[in-house]
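I have placed the structure first, in the form of structure tokens, so that the comments after it can refer back to it.
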Amino acid sequence: YLLPLVGASLLPFITLPIFTRLLTPADYGYLALAAIYAGAATGVASLGLVVGFEREYFECEDQDGGAGLLYSALLTNLGSLVLVFAISWRYRAAFSGWIIGSSEHSSLLLAVFAAVGSQTLRTYVLIYFRNQRRARTYTAYVLAESFLSAAFSLLLVAWLRIGVIGLPLGQLAGASII
């Protein structure tokens, strides 16, 4: 379980010099403010299910290997994330103006929310693999997601030059594929 931690931490460290040459300090500020909103909104949307899933997994493991609990938690969290995303979409200009200081960054706010939401959903699957003692599968998923997220972010920011929104869109693409 140490290998994915090292690998997932090393890739952003390697790509950071590329991103810092292409993005401004203001871009990182907008990204940080959007991440604060995304963390709070996905935290509310998750309803504490991640903790409950991890705690209750071994109670349900004997019935169906914990798959029923996994899918119930995933679908419930997905539904609440969609609801909070719809509210965020509806009031995106107001939220962006209030949090970031400009309504022109509303797409960044939504992209970061979607990226963090997809990573929240992925957490259930990773906990499931860890609880089933499937370390190789866990490691493969974490490393593949880290690599794909870094590659897509580089593609969007460095090659297509779409700006800071490429970072969360790259993370969203990597997490969604995995």
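Chain labels follow the order of the structure tokens: the first chain is A, the next B, and so on; residue numbering restarts at 1 in every chain, and ligands are counted from 1 in their shown order.
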
Check your understanding: Quick one: residues within 6 Å of Gly66 in chain A, only C-alpha atoms counted, chain neighbours fewer than 4 positions away excluded, as a ChimeraX atom specification?
Key -> /A:57,60-61

Requested write-out: N, CA, C and O atoms of the selected residues, as a compact mmCIF listing (two decimals), in the first residue's frame:
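The resulting file, selection-v6.txt, is shown below:
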# COMPACT_ATOMS: atom_id res chain seq x y z
N TYR A 57 -18.45 -2.30 6.43
CA TYR A 57 -18.09 -3.26 5.38
C TYR A 57 -18.00 -4.68 5.91
O TYR A 57 -18.55 -5.61 5.31
N CYS A 60 -21.18 -6.65 6.42
CA CYS A 60 -21.88 -7.11 5.22
C CYS A 60 -21.04 -8.02 4.33
O CYS A 60 -21.53 -8.53 3.34
N GLU A 61 -19.79 -8.21 4.68
CA GLU A 61 -18.87 -8.97 3.83
C GLU A 61 -19.33 -10.40 3.64
O GLU A 61 -19.19 -10.97 2.55

Residues at most 6 Å from range 115-131 of chain A, counting only C-alpha atoms, excluding those fewer than 2 positions away in the same chain, as a PDB file with N, CA, C and O atoms, in the first residue's frame?
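Saved as around31.pdb:
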ATOM      1  N   THR A  42     -18.736  18.674  -1.710  1.00  0.00           N
ATOM      2  CA  THR A  42     -18.716  17.210  -1.784  1.00  0.00           C
ATOM      3  C   THR A  42     -18.762  16.594  -0.391  1.00  0.00           C
ATOM      4  O   THR A  42     -19.293  15.494  -0.228  1.00  0.00           O
ATOM      5  N   VAL A 112     -13.801  21.753 -10.840  1.00  0.00           N
ATOM      6  CA  VAL A 112     -13.148  21.272  -9.619  1.00  0.00           C
ATOM      7  C   VAL A 112     -14.135  20.454  -8.793  1.00  0.00           C
ATOM      8  O   VAL A 112     -13.787  19.404  -8.248  1.00  0.00           O
ATOM      9  N   PHE A 113     -15.381  20.906  -8.712  1.00  0.00           N
ATOM     10  CA  PHE A 113     -16.396  20.139  -7.984  1.00  0.00           C
ATOM     11  C   PHE A 113     -16.555  18.747  -8.608  1.00  0.00           C
ATOM     12  O   PHE A 113     -16.604  17.742  -7.896  1.00  0.00           O
ATOM     13  N   ARG A 133      -8.427  -7.086   0.834  1.00  0.00           N
ATOM     14  CA  ARG A 133      -7.007  -7.427   0.820  1.00  0.00           C
ATOM     15  C   ARG A 133      -6.500  -7.687  -0.592  1.00  0.00           C
ATOM     16  O   ARG A 133      -5.715  -8.597  -0.827  1.00  0.00           O
ATOM     17  N   ARG A 134      -6.961  -6.874  -1.511  1.00  0.00           N
ATOM     18  CA  ARG A 134      -6.544  -6.969  -2.916  1.00  0.00           C
ATOM     19  C   ARG A 134      -5.551  -5.835  -3.200  1.00  0.00           C
ATOM     20  O   ARG A 134      -5.855  -4.884  -3.915  1.00  0.00           O
ATOM     21  N   TYR A 138      -5.653  -2.663  -5.889  1.00  0.00           N
ATOM     22  CA  TYR A 138      -5.656  -1.330  -5.298  1.00  0.00           C
ATOM     23  C   TYR A 138      -4.510  -0.500  -5.871  1.00  0.00           C
ATOM     24  O   TYR A 138      -4.700   0.633  -6.318  1.00  0.00           O
ATOM     25  N   PRO A 168      -8.236  20.437 -13.229  1.00  0.00           N
ATOM     26  CA  PRO A 168      -9.333  19.600 -12.721  1.00  0.00           C
ATOM     27  C   PRO A 168      -9.966  18.731 -13.806  1.00  0.00           C
ATOM     28  O   PRO A 168     -10.425  17.626 -13.513  1.00  0.00           O
ATOM     29  N   GLN A 171      -7.878  15.657 -13.978  1.00  0.00           N
ATOM     30  CA  GLN A 171      -8.176  14.789 -12.842  1.00  0.00           C
ATOM     31  C   GLN A 171      -9.520  14.088 -13.037  1.00  0.00           C
ATOM     32  O   GLN A 171      -9.656  12.904 -12.736  1.00  0.00           O
ATOM     33  N   LEU A 172     -10.483  14.818 -13.531  1.00  0.00           N
ATOM     34  CA  LEU A 172     -11.802  14.230 -13.786  1.00  0.00           C
ATOM     35  C   LEU A 172     -11.718  13.128 -14.837  1.00  0.00           C
ATOM     36  O   LEU A 172     -12.304  12.058 -14.671  1.00  0.00           O
TER      37      LEU A 172
END

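The nearest approach to Pro4 in chain A among the residues A:Val50, A:Leu16, A:Leu69, A:Leu143, with only C-alpha atoms taken into account, belongs to A:Leu143.
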
Practice item. Take CA of Val6 in chain A and CA of Gly163 in chain A and report the distance between them in Å, one decimal. Key: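 We find that CA of Val6 in chain A and CA of Gly163 in chain A lie 27.3 Å from each other.
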
Practice item. Please provide as a ChimeraX atom specification all residues within 9 Å of Ala144 in chain A, with the sequence filter that same-chain residues fewer than 5 positions apart are discarded (counting only C-alpha atoms). Key: /A:139,149,174,178

Study note, to complete from the structure: One residue among A:Ile100, A:Leu169, A:Ala93, A:Leu2 is nearest to Phe152 in chain A when using only C-alpha atoms, and that residue is A:Leu169

Point to revise | All alpha helix (DSSP H) residues (DSSP, backbone) inside chain A, as a PyMOL selection string | key: chain A and resi 2-22+25-46+49-64+67-90+92-99+106-131+135-154+166-177

Point to revise | For Ser80 in chain A: contacts at 9 Å, only C-alpha atoms, fewer than 6 positions along chain excluded, given as a list in words | key: Thr42, Val44, Ala45, Ser46 and Leu47 of chain A

Take the selection from the previous step and output its residues with N, CA and C atoms, as a PDB file, in the first residue's frame.
ATOM      1  N   THR A  42     -18.736  18.674  -1.710  1.00  0.00           N
ATOM      2  CA  THR A  42     -18.716  17.210  -1.784  1.00  0.00           C
ATOM      3  C   THR A  42     -18.762  16.594  -0.391  1.00  0.00           C
ATOM      4  N   VAL A  44     -20.539  17.784   2.084  1.00  0.00           N
ATOM      5  CA  VAL A  44     -21.967  17.786   2.417  1.00  0.00           C
ATOM      6  C   VAL A  44     -22.692  16.702   1.605  1.00  0.00           C
ATOM      7  N   ALA A  45     -22.352  16.592   0.335  1.00  0.00           N
ATOM      8  CA  ALA A  45     -23.029  15.629  -0.535  1.00  0.00           C
ATOM      9  C   ALA A  45     -22.705  14.183  -0.160  1.00  0.00           C
ATOM     10  N   SER A  46     -21.541  13.939   0.419  1.00  0.00           N
ATOM     11  CA  SER A  46     -21.169  12.556   0.738  1.00  0.00           C
ATOM     12  C   SER A  46     -21.942  11.995   1.928  1.00  0.00           C
ATOM     13  N   LEU A  47     -22.553  12.880   2.696  1.00  0.00           N
ATOM     14  CA  LEU A  47     -23.421  12.472   3.811  1.00  0.00           C
ATOM     15  C   LEU A  47     -22.713  11.581   4.830  1.00  0.00           C
TER      16      LEU A  47
END

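The spacing separating CA of Leu110 in chain A from CA of Ala140 in chain A amounts to 28.4 Å.
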
Point to revise | Residue with smallest distance to Ala40 in chain A - pool A:Ile177, A:Leu74, A:Val84, A:Ile165, counting only C-alpha atoms | key: A:Val84

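Our summary of the geometry notes that CA of Gln132 in chain A is positioned 24.7 Å from CA of Leu148 in chain A.
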
Check your understanding: Leaving out Gly166 in chain A and any residue of its chain fewer than 2 positions from it, which residues lie within 9 Å of it when counting only C-alpha atoms, given as a ChimeraX atom specification?
Key -> /A:111,152-158,160-164,168-171

Next, write the just-selected residues to a file, as an mmCIF file, in the first residue's frame, keeping N, CA, C and O atoms as the atom set.
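Listing of out.cif after writing:
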data_model
loop_
_atom_site.group_PDB
_atom_site.id
_atom_site.type_symbol
_atom_site.label_atom_id
_atom_site.label_comp_id
_atom_site.auth_asym_id
_atom_site.auth_seq_id
_atom_site.Cartn_x
_atom_site.Cartn_y
_atom_site.Cartn_z
ATOM 1 N N ALA A 111 -15.839 22.505 -12.605
ATOM 2 C CA ALA A 111 -14.876 21.467 -12.989
ATOM 3 C C ALA A 111 -14.171 20.895 -11.762
ATOM 4 O O ALA A 111 -13.993 19.674 -11.654
ATOM 5 N N PHE A 152 -3.532 13.576 -18.800
ATOM 6 C CA PHE A 152 -4.614 14.421 -19.324
ATOM 7 C C PHE A 152 -4.420 15.886 -18.932
ATOM 8 O O PHE A 152 -4.680 16.785 -19.732
ATOM 9 N N SER A 153 -3.970 16.130 -17.713
ATOM 10 C CA SER A 153 -3.721 17.512 -17.290
ATOM 11 C C SER A 153 -2.623 18.140 -18.132
ATOM 12 O O SER A 153 -2.750 19.294 -18.567
ATOM 13 N N LEU A 154 -1.556 17.401 -18.381
ATOM 14 C CA LEU A 154 -0.486 17.908 -19.246
ATOM 15 C C LEU A 154 -0.994 18.181 -20.655
ATOM 16 O O LEU A 154 -0.674 19.207 -21.259
ATOM 17 N N LEU A 155 -1.780 17.271 -21.164
ATOM 18 C CA LEU A 155 -2.343 17.432 -22.509
ATOM 19 C C LEU A 155 -3.192 18.699 -22.589
ATOM 20 O O LEU A 155 -3.038 19.504 -23.521
ATOM 21 N N LEU A 156 -4.056 18.891 -21.619
ATOM 22 C CA LEU A 156 -4.972 20.025 -21.649
ATOM 23 C C LEU A 156 -4.281 21.360 -21.376
ATOM 24 O O LEU A 156 -4.593 22.362 -22.022
ATOM 25 N N VAL A 157 -3.351 21.372 -20.426
ATOM 26 C CA VAL A 157 -2.708 22.636 -20.048
ATOM 27 C C VAL A 157 -1.523 22.962 -20.949
ATOM 28 O O VAL A 157 -1.394 24.087 -21.426
ATOM 29 N N ALA A 158 -0.655 21.985 -21.201
ATOM 30 C CA ALA A 158 0.584 22.258 -21.943
ATOM 31 C C ALA A 158 0.403 22.211 -23.457
ATOM 32 O O ALA A 158 0.988 23.011 -24.177
ATOM 33 N N LEU A 160 -2.875 21.744 -25.343
ATOM 34 C CA LEU A 160 -4.059 22.461 -25.840
ATOM 35 C C LEU A 160 -4.175 23.869 -25.281
ATOM 36 O O LEU A 160 -4.978 24.666 -25.771
ATOM 37 N N ARG A 161 -3.428 24.169 -24.238
ATOM 38 C CA ARG A 161 -3.350 25.511 -23.631
ATOM 39 C C ARG A 161 -4.723 26.071 -23.240
ATOM 40 O O ARG A 161 -5.048 27.218 -23.541
ATOM 41 N N ILE A 162 -5.507 25.243 -22.527
ATOM 42 C CA ILE A 162 -6.832 25.728 -22.120
ATOM 43 C C ILE A 162 -6.806 26.440 -20.774
ATOM 44 O O ILE A 162 -7.830 26.911 -20.305
ATOM 45 N N GLY A 163 -5.646 26.490 -20.146
ATOM 46 C CA GLY A 163 -5.524 27.224 -18.896
ATOM 47 C C GLY A 163 -5.708 26.345 -17.676
ATOM 48 O O GLY A 163 -5.653 25.118 -17.740
ATOM 49 N N VAL A 164 -5.958 27.005 -16.564
ATOM 50 C CA VAL A 164 -6.012 26.333 -15.272
ATOM 51 C C VAL A 164 -7.147 25.317 -15.191
ATOM 52 O O VAL A 164 -7.046 24.336 -14.448
ATOM 53 N N PRO A 168 -8.236 20.437 -13.229
ATOM 54 C CA PRO A 168 -9.333 19.600 -12.721
ATOM 55 C C PRO A 168 -9.966 18.731 -13.806
ATOM 56 O O PRO A 168 -10.425 17.626 -13.513
ATOM 57 N N LEU A 169 -9.979 19.201 -15.051
ATOM 58 C CA LEU A 169 -10.533 18.359 -16.115
ATOM 59 C C LEU A 169 -9.664 17.129 -16.348
ATOM 60 O O LEU A 169 -10.181 16.039 -16.632
ATOM 61 N N GLY A 170 -8.345 17.275 -16.217
ATOM 62 C CA GLY A 170 -7.452 16.130 -16.320
ATOM 63 C C GLY A 170 -7.685 15.142 -15.190
ATOM 64 O O GLY A 170 -7.697 13.922 -15.396
ATOM 65 N N GLN A 171 -7.878 15.657 -13.978
ATOM 66 C CA GLN A 171 -8.176 14.789 -12.842
ATOM 67 C C GLN A 171 -9.520 14.088 -13.037
ATOM 68 O O GLN A 171 -9.656 12.904 -12.736
#
